[in-house]
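The block underneath contains the structure these notes are about, expressed in structure tokens.
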Amino acid sequence: MAGELSPIDRAKFVAAKRAADMVEDGMRVGLGTGSTAAWLVRCLGEMVQNDGLRIKGVPTSSRTAELAREVGIEIQTLDEAKWLDLTIDGADEFDRDLNLIKGGGGALLQEKIVATASDRMVVIADKAKEVESLGAFPLPVEVIPFGWQTTQALLEETLVAMEVMGRKTTLRMNGDAALVTDEGNHILDLHLNRIGNVRQMALVLNQIPGVVENGLFIDICDTVVVGYGDGKVEVRDINEGTVETDQLDFVETENLFTDLND
Ligand SMILES: O=C(CO)[C@H](O)[C@H](O)COP(=O)(O)O
């Protein structure tokens with residue numbers, strides 16, 4: 001079975017596995033969206049089933065809610081939980097200040113609300129997501145469907161005024177139709193190449209009528225667990241830098257991965 005696990009899957013999995021160990025009995029946990037977060041949900045499900053872990057999970061998308069139910073995690077809405085101990089989620093890019101681009105999976109709005117309502121946000125990511133400067137990954141912006149083309153034109157004008165390198169924006173599609181998020185909105189992807197002043201960009205984008213939220217997570221993430229293809233994990237903390245480097249047992253990890261994958 002060992003040959004079936006690609007380095008990128010192993011990197012995502014070991015990051016998720018290490019972050020799952022940060023979850024304590026009785027916690028209210030925000031559950032992220034995406035392929036890395038799906039591994040986290042499976043790991044937590046295994047801990048609930050086999051180790052008696054009791055948690056309440058607040059999913060950040062309908063996809064995650066479905067998976068959480070499937071693996072036996074008790075779920076709550078954010079309004080039921082009100083405040084969370086911890087949110088664990090993936091990211092599309094992270095920089096040295098642990099600022100992020102998120103929304104590649106189309107769930108940025110709920111992800112940002114849930115992460116902001118948590119004592120701590122932990123991001124799980126493979127090493128390839130680490131960048132010097134945010135922006136090579138297209139920045140997702142969630143917009144309401146009403147007048148979305150006008151919102152797109154305003155966004156493009158704003159990018160010209162801000163003198164960013166890339167100014168192309170594209171409507172995210174789902175097959176032949178515009179993608180519709182869990183909140184009934186569309187997503188415009190901004191192909192910026194490099195963002196520069198990420199704080200300013202995050203604030204300015206949200207001033208445009210029709211924009212609901214953007215995928216820049218600034219000063220929200222506390223910790224990133226970085227997974228490597230050889231099973232190594234690094235835990236980086238916003239205040240203390242790299243606080244841990246560990247090598248997850250290869251065979252044990254591989255076995256658990258294939259068990260969870262069944
Ligand atoms: O922001 C997200 C979803 O909206 C995801 O966390 C992000 O796209 C990373 O996904 P993956 O773990 O599949 O690489």
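Numbering starts fresh at 1 for the residues of each chain in the structure tokens, the chains themselves are lettered A, B, ... in the order given, and ligands are numbered from 1 as they appear.
Among all protein and nucleic acid residues, the ones that lie within 8 Å of ligand 1 when counting only C-alpha atoms and all ligand atoms are Lys12, Gly32, Thr33, Gly34, Ser35, Thr36, Ala37, Ala38, Asp89, Gly90, Ala91, Asp92, Ile101, Lys102, Gly103, Gly104, Gly105, Gly106, Ala107, Leu108, Glu111, Ile124, Ala125 and Gly215 of chain A.
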Q.
I'd like the neighbourhood of Glu74 (chain A) as JSON, numbers by chain, where a residue qualifies if any of its atoms comes within 10 Å (using only C-alpha atoms), though same-chain residues fewer than 6 positions away should be ignored.
A. {"A": [45, 48, 54, 55, 56, 57, 58, 65, 68]}
Export of the given selection (N, CA and C atoms) as a compact mmCIF listing (two decimals), in the first residue's frame:
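The result, stored in part.txt:
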# COMPACT_ATOMS: atom_id res chain seq x y z
N GLY A 45 -12.32 12.04 13.42
CA GLY A 45 -13.36 11.01 13.46
C GLY A 45 -12.81 9.72 14.04
N VAL A 48 -12.50 10.17 17.73
CA VAL A 48 -13.83 10.11 18.37
C VAL A 48 -14.26 8.65 18.50
N ARG A 54 -14.30 13.57 22.88
CA ARG A 54 -15.60 14.24 22.76
C ARG A 54 -15.36 15.68 22.33
N ILE A 55 -15.81 15.99 21.13
CA ILE A 55 -15.69 17.37 20.65
C ILE A 55 -16.99 17.78 19.97
N LYS A 56 -17.12 19.09 19.82
CA LYS A 56 -18.20 19.62 18.98
C LYS A 56 -17.52 20.34 17.82
N GLY A 57 -17.89 19.94 16.61
CA GLY A 57 -17.26 20.52 15.43
C GLY A 57 -18.18 21.51 14.75
N VAL A 58 -17.60 22.64 14.34
CA VAL A 58 -18.36 23.61 13.55
C VAL A 58 -17.77 23.62 12.13
N ALA A 65 -19.36 19.48 6.54
CA ALA A 65 -20.42 19.01 7.44
C ALA A 65 -20.78 17.57 7.11
N ALA A 68 -17.96 15.27 8.26
CA ALA A 68 -17.91 15.19 9.73
C ALA A 68 -18.99 14.25 10.25
Q: Run DSSP on the backbone of this structure and report the residues of region 3-248 of chain A it assigns to strand (DSSP E or B), as a PyMOL selection string.
A: chain A and resi 28-31+56-59+74-75+84+86-89+93-94+100-101+118+121-126+130+139-143+168-171+173-174+177-178+186-191+211-214+216-217+223-227+232-237+241-247
Q: Extract, using only C-alpha atoms, all DNA, RNA and protein residues at most 8 Å from Asp95 (chain A), discarding same-chain residues fewer than 4 positions from it, and format them as an MDAnalysis selection string.
A: chainID A and resid 99:100 130:134
**Q.** Selected residue, from A:Gly196, A:Gly135, A:Gly166, A:Gly30, that lies nearest to Ser118 (chain A) when counting only C-alpha atoms
**A.** A:Gly30
(Q) Quick one: residues within 12 Å of Ile208 (chain A), only C-alpha atoms, excluding same-chain residues fewer than 2 positions away - as a list in words? (A) Val141, Glu142, Val143, Ile144, Trp148, Thr150, Thr151, Gln152, Ala153, Leu154, Leu155, Glu156, Glu157, Thr158, Leu159, Met201, Ala202, Leu203, Val204, Leu205, Asn206, Gly210, Val211, Val212, Glu213 and Asn214 of chain A
Residues as selected, N, CA and C atoms, written as an mmCIF file, in the first residue's frame, can you do that?
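Once everything was written out, this is selection-v6.cif:
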data_model
loop_
_atom_site.group_PDB
_atom_site.id
_atom_site.type_symbol
_atom_site.label_atom_id
_atom_site.label_comp_id
_atom_site.auth_asym_id
_atom_site.auth_seq_id
_atom_site.Cartn_x
_atom_site.Cartn_y
_atom_site.Cartn_z
ATOM 1 N N VAL A 141 -12.397 36.337 -4.306
ATOM 2 C CA VAL A 141 -13.238 37.373 -3.699
ATOM 3 C C VAL A 141 -14.686 36.928 -3.884
ATOM 4 N N GLU A 142 -15.411 36.826 -2.768
ATOM 5 C CA GLU A 142 -16.811 36.384 -2.853
ATOM 6 C C GLU A 142 -17.692 37.604 -3.095
ATOM 7 N N VAL A 143 -18.536 37.529 -4.136
ATOM 8 C CA VAL A 143 -19.397 38.674 -4.493
ATOM 9 C C VAL A 143 -20.851 38.202 -4.588
ATOM 10 N N ILE A 144 -21.777 39.117 -4.334
ATOM 11 C CA ILE A 144 -23.179 38.701 -4.468
ATOM 12 C C ILE A 144 -23.526 38.626 -5.955
ATOM 13 N N TRP A 148 -23.048 41.291 -10.541
ATOM 14 C CA TRP A 148 -21.663 40.859 -10.301
ATOM 15 C C TRP A 148 -20.690 41.411 -11.346
ATOM 16 N N THR A 150 -20.818 44.374 -12.686
ATOM 17 C CA THR A 150 -20.502 45.747 -12.260
ATOM 18 C C THR A 150 -19.470 45.700 -11.127
ATOM 19 N N THR A 151 -19.671 44.742 -10.212
ATOM 20 C CA THR A 151 -18.700 44.577 -9.115
ATOM 21 C C THR A 151 -17.330 44.215 -9.694
ATOM 22 N N GLN A 152 -17.336 43.355 -10.710
ATOM 23 C CA GLN A 152 -16.072 42.960 -11.337
ATOM 24 C C GLN A 152 -15.369 44.186 -11.953
ATOM 25 N N ALA A 153 -16.167 45.042 -12.649
ATOM 26 C CA ALA A 153 -15.571 46.233 -13.265
ATOM 27 C C ALA A 153 -14.986 47.160 -12.197
ATOM 28 N N LEU A 154 -15.709 47.312 -11.080
ATOM 29 C CA LEU A 154 -15.214 48.163 -9.986
ATOM 30 C C LEU A 154 -13.929 47.592 -9.384
ATOM 31 N N LEU A 155 -13.913 46.260 -9.263
ATOM 32 C CA LEU A 155 -12.714 45.590 -8.727
ATOM 33 C C LEU A 155 -11.520 45.862 -9.633
ATOM 34 N N GLU A 156 -11.741 45.748 -10.943
ATOM 35 C CA GLU A 156 -10.628 45.933 -11.884
ATOM 36 C C GLU A 156 -10.130 47.385 -11.851
ATOM 37 N N GLU A 157 -11.080 48.330 -11.735
ATOM 38 C CA GLU A 157 -10.674 49.749 -11.616
ATOM 39 C C GLU A 157 -9.841 49.971 -10.354
ATOM 40 N N THR A 158 -10.269 49.309 -9.296
ATOM 41 C CA THR A 158 -9.555 49.456 -8.026
ATOM 42 C C THR A 158 -8.127 48.918 -8.149
ATOM 43 N N LEU A 159 -7.980 47.807 -8.854
ATOM 44 C CA LEU A 159 -6.648 47.215 -9.010
ATOM 45 C C LEU A 159 -5.745 48.141 -9.821
ATOM 46 N N MET A 201 -4.785 45.843 0.775
ATOM 47 C CA MET A 201 -5.601 45.135 -0.223
ATOM 48 C C MET A 201 -6.842 44.530 0.436
ATOM 49 N N ALA A 202 -6.658 43.884 1.575
ATOM 50 C CA ALA A 202 -7.789 43.237 2.259
ATOM 51 C C ALA A 202 -8.857 44.263 2.637
ATOM 52 N N LEU A 203 -8.410 45.434 3.098
ATOM 53 C CA LEU A 203 -9.369 46.468 3.513
ATOM 54 C C LEU A 203 -10.065 47.095 2.316
ATOM 55 N N VAL A 204 -9.288 47.409 1.287
ATOM 56 C CA VAL A 204 -9.848 48.115 0.120
ATOM 57 C C VAL A 204 -10.879 47.237 -0.599
ATOM 58 N N LEU A 205 -10.567 45.968 -0.775
ATOM 59 C CA LEU A 205 -11.490 45.078 -1.504
ATOM 60 C C LEU A 205 -12.859 45.042 -0.840
ATOM 61 N N ASN A 206 -12.857 45.018 0.487
ATOM 62 C CA ASN A 206 -14.140 44.901 1.192
ATOM 63 C C ASN A 206 -14.956 46.191 1.192
ATOM 64 N N GLY A 210 -20.975 45.087 -3.311
ATOM 65 C CA GLY A 210 -21.119 43.793 -3.987
ATOM 66 C C GLY A 210 -20.115 42.765 -3.502
ATOM 67 N N VAL A 211 -18.995 43.258 -2.930
ATOM 68 C CA VAL A 211 -18.008 42.318 -2.364
ATOM 69 C C VAL A 211 -18.482 41.908 -0.970
ATOM 70 N N VAL A 212 -18.516 40.604 -0.748
ATOM 71 C CA VAL A 212 -18.922 40.120 0.575
ATOM 72 C C VAL A 212 -17.682 39.925 1.449
ATOM 73 N N GLU A 213 -16.665 39.300 0.886
ATOM 74 C CA GLU A 213 -15.443 39.022 1.660
ATOM 75 C C GLU A 213 -14.340 38.620 0.699
ATOM 76 N N ASN A 214 -13.110 38.798 1.125
ATOM 77 C CA ASN A 214 -11.977 38.376 0.291
ATOM 78 C C ASN A 214 -11.162 37.310 1.009
#
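Look at Lys82 (chain A): the protein and nucleic acid residues within 10 Å of it, using only C-alpha atoms and passing over chain neighbours fewer than 4 places away, are A:Arg28, A:Val58, A:Gln76, A:Thr77, A:Leu78, A:Val114, A:Ala117, A:Ser118.
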For the selection just defined, write its residues with N, CA and C atoms to a file, as an mmCIF file, in the first residue's frame.
data_model
loop_
_atom_site.group_PDB
_atom_site.id
_atom_site.type_symbol
_atom_site.label_atom_id
_atom_site.label_comp_id
_atom_site.auth_asym_id
_atom_site.auth_seq_id
_atom_site.Cartn_x
_atom_site.Cartn_y
_atom_site.Cartn_z
ATOM 1 N N ARG A 28 -14.525 22.878 21.420
ATOM 2 C CA ARG A 28 -15.358 23.251 20.274
ATOM 3 C C ARG A 28 -14.384 23.632 19.159
ATOM 4 N N VAL A 58 -17.602 22.640 14.340
ATOM 5 C CA VAL A 58 -18.364 23.615 13.547
ATOM 6 C C VAL A 58 -17.774 23.615 12.133
ATOM 7 N N GLN A 76 -22.136 21.274 15.272
ATOM 8 C CA GLN A 76 -22.982 22.389 15.739
ATOM 9 C C GLN A 76 -22.883 23.514 14.730
ATOM 10 N N THR A 77 -23.862 24.405 14.752
ATOM 11 C CA THR A 77 -23.705 25.633 13.958
ATOM 12 C C THR A 77 -22.833 26.587 14.782
ATOM 13 N N LEU A 78 -22.324 27.610 14.116
ATOM 14 C CA LEU A 78 -21.516 28.591 14.858
ATOM 15 C C LEU A 78 -22.380 29.295 15.900
ATOM 16 N N VAL A 114 -15.595 31.660 10.884
ATOM 17 C CA VAL A 114 -15.324 30.639 11.911
ATOM 18 C C VAL A 114 -13.934 30.851 12.537
ATOM 19 N N ALA A 117 -13.863 33.638 14.951
ATOM 20 C CA ALA A 117 -14.614 33.371 16.188
ATOM 21 C C ALA A 117 -13.918 32.293 17.032
ATOM 22 N N SER A 118 -12.600 32.161 16.882
ATOM 23 C CA SER A 118 -11.863 31.102 17.586
ATOM 24 C C SER A 118 -10.727 31.700 18.403
#
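Using only C-alpha atoms, the smallest distance between any of A:Arg167, A:Lys232, A:Arg194, A:Arg120 and Asp219 (chain A) comes from A:Arg120.
Between Ile187 (chain A) and the residues A:Pro140, A:Gln207, A:Asp21, A:Gly229, the shortest atom-to-atom distance, using only C-alpha atoms, involves A:Pro140.
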Q) Could you pull out all residues of region 8-184 of chain A with a DSSP call of helix (DSSP H, G or I) and give them as an NGL selection string? A) :A and (8-20 or 35-51 or 62-70 or 78-81 or 108-116 or 127-129 or 148-161)
Output C-alpha atoms of each residue in that selection to a file, as a compact mmCIF listing (two decimals), in the first residue's frame.
# COMPACT_ATOMS: atom_id res chain seq x y z
CA ILE A 8 1.93 15.68 -1.61
CA ASP A 9 -0.79 13.52 -0.02
CA ARG A 10 1.64 12.38 2.65
CA ALA A 11 2.60 16.00 3.38
CA LYS A 12 -1.05 17.03 3.73
CA PHE A 13 -1.84 13.99 5.81
CA VAL A 14 1.02 14.34 8.32
CA ALA A 15 0.19 18.04 8.81
CA ALA A 16 -3.44 17.09 9.51
CA LYS A 17 -2.41 14.25 11.82
CA ARG A 18 -0.12 16.50 13.88
CA ALA A 19 -2.80 19.20 14.17
CA ALA A 20 -5.39 16.63 15.27
CA SER A 35 -8.39 18.19 0.83
CA THR A 36 -6.00 18.83 3.76
CA ALA A 37 -8.85 19.73 6.10
CA ALA A 38 -10.68 16.58 5.00
CA TRP A 39 -7.75 14.55 6.39
CA LEU A 40 -8.07 16.40 9.66
CA VAL A 41 -11.77 15.57 9.85
CA ARG A 42 -11.01 11.90 9.18
CA CYS A 43 -8.27 11.86 11.86
CA LEU A 44 -10.63 13.48 14.39
CA GLY A 45 -13.36 11.01 13.46
CA GLU A 46 -10.95 8.19 14.18
CA MET A 47 -10.11 9.73 17.58
CA VAL A 48 -13.83 10.11 18.37
CA GLN A 49 -14.60 6.50 17.41
CA ASN A 50 -11.52 4.79 18.87
CA ASP A 51 -10.19 7.01 21.67
CA SER A 62 -21.65 21.82 3.54
CA ARG A 63 -18.95 19.41 2.21
CA THR A 64 -17.14 19.39 5.54
CA ALA A 65 -20.42 19.01 7.44
CA GLU A 66 -21.26 15.93 5.40
CA LEU A 67 -17.84 14.35 5.99
CA ALA A 68 -17.91 15.19 9.73
CA ARG A 69 -21.28 13.48 10.10
CA GLU A 70 -20.01 10.49 8.14
CA LEU A 78 -21.52 28.59 14.86
CA ASP A 79 -24.49 30.24 16.52
CA GLU A 80 -24.97 27.20 18.74
CA ALA A 81 -21.27 27.04 19.66
CA LEU A 108 -13.60 31.53 2.33
CA LEU A 109 -16.58 33.38 3.80
CA GLN A 110 -17.59 30.75 6.34
CA GLU A 111 -13.91 29.92 6.91
CA LYS A 112 -13.08 33.52 7.83
CA ILE A 113 -16.11 33.89 10.11
CA VAL A 114 -15.32 30.64 11.91
CA ALA A 115 -11.57 31.31 12.24
CA THR A 116 -12.25 34.81 13.59
CA LYS A 127 5.46 22.90 2.23
CA ALA A 128 4.58 23.94 -1.36
CA LYS A 129 2.06 26.45 0.05
CA TRP A 148 -21.66 40.86 -10.30
CA GLN A 149 -20.29 42.19 -13.60
CA THR A 150 -20.50 45.75 -12.26
CA THR A 151 -18.70 44.58 -9.12
CA GLN A 152 -16.07 42.96 -11.34
CA ALA A 153 -15.57 46.23 -13.27
CA LEU A 154 -15.21 48.16 -9.99
CA LEU A 155 -12.71 45.59 -8.73
CA GLU A 156 -10.63 45.93 -11.88
CA GLU A 157 -10.67 49.75 -11.62
CA THR A 158 -9.56 49.46 -8.03
CA LEU A 159 -6.65 47.22 -9.01
CA VAL A 160 -5.53 49.77 -11.61
CA ALA A 161 -5.71 52.54 -8.98
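Considering only C-alpha atoms, the residue among A:Asp97, A:Asp259, A:Asp119, A:Asp176 positioned nearest to Gly241 (chain A) is A:Asp97.
Nearest to Pro59 (chain A) of all the residues A:Val29, A:Leu86, A:Val225, A:Val164 is A:Val29, based on only C-alpha atoms.
The space between CA of Phe94 (chain A) and CA of Ile220 (chain A) spans 11.6 Å.
We find CA of Glu183 (chain A) and CA of Leu171 (chain A) to be spaced 16.3 Å apart.
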Q.
If we count only C-alpha atoms and set the cut-off at 6 Å, which residues sit around Val233 (chain A), ignoring sequence neighbours fewer than 5 positions away in its own chain? Please answer as a ChimeraX atom specification.
A. /A:226-227,245-246
How would the residues just picked look written out with N, CA and C atoms as a PDB file, in the first residue's frame?
ATOM      1  N   VAL A 226       3.371  22.615   9.041  1.00  0.00           N
ATOM      2  CA  VAL A 226       3.838  22.384   7.675  1.00  0.00           C
ATOM      3  C   VAL A 226       4.187  20.906   7.518  1.00  0.00           C
ATOM      4  N   GLY A 227       3.587  20.263   6.527  1.00  0.00           N
ATOM      5  CA  GLY A 227       3.877  18.848   6.271  1.00  0.00           C
ATOM      6  C   GLY A 227       4.813  18.709   5.080  1.00  0.00           C
ATOM      7  N   THR A 245       9.966  20.395  15.358  1.00  0.00           N
ATOM      8  CA  THR A 245      10.172  19.663  14.113  1.00  0.00           C
ATOM      9  C   THR A 245      10.135  18.198  14.480  1.00  0.00           C
ATOM     10  N   ASP A 246       9.336  17.460  13.772  1.00  0.00           N
ATOM     11  CA  ASP A 246       9.147  16.060  14.144  1.00  0.00           C
ATOM     12  C   ASP A 246       9.047  15.218  12.878  1.00  0.00           C
TER      13      ASP A 246
END
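Interatomic distance, CA of Asp237 (chain A) against CA of Thr223 (chain A): 4.5 Å.
When only C-alpha atoms are used to compute distances to Met22 (chain A), the closest of the residues A:Leu216, A:Val122, A:Ile195, A:Met162 turns out to be A:Val122.
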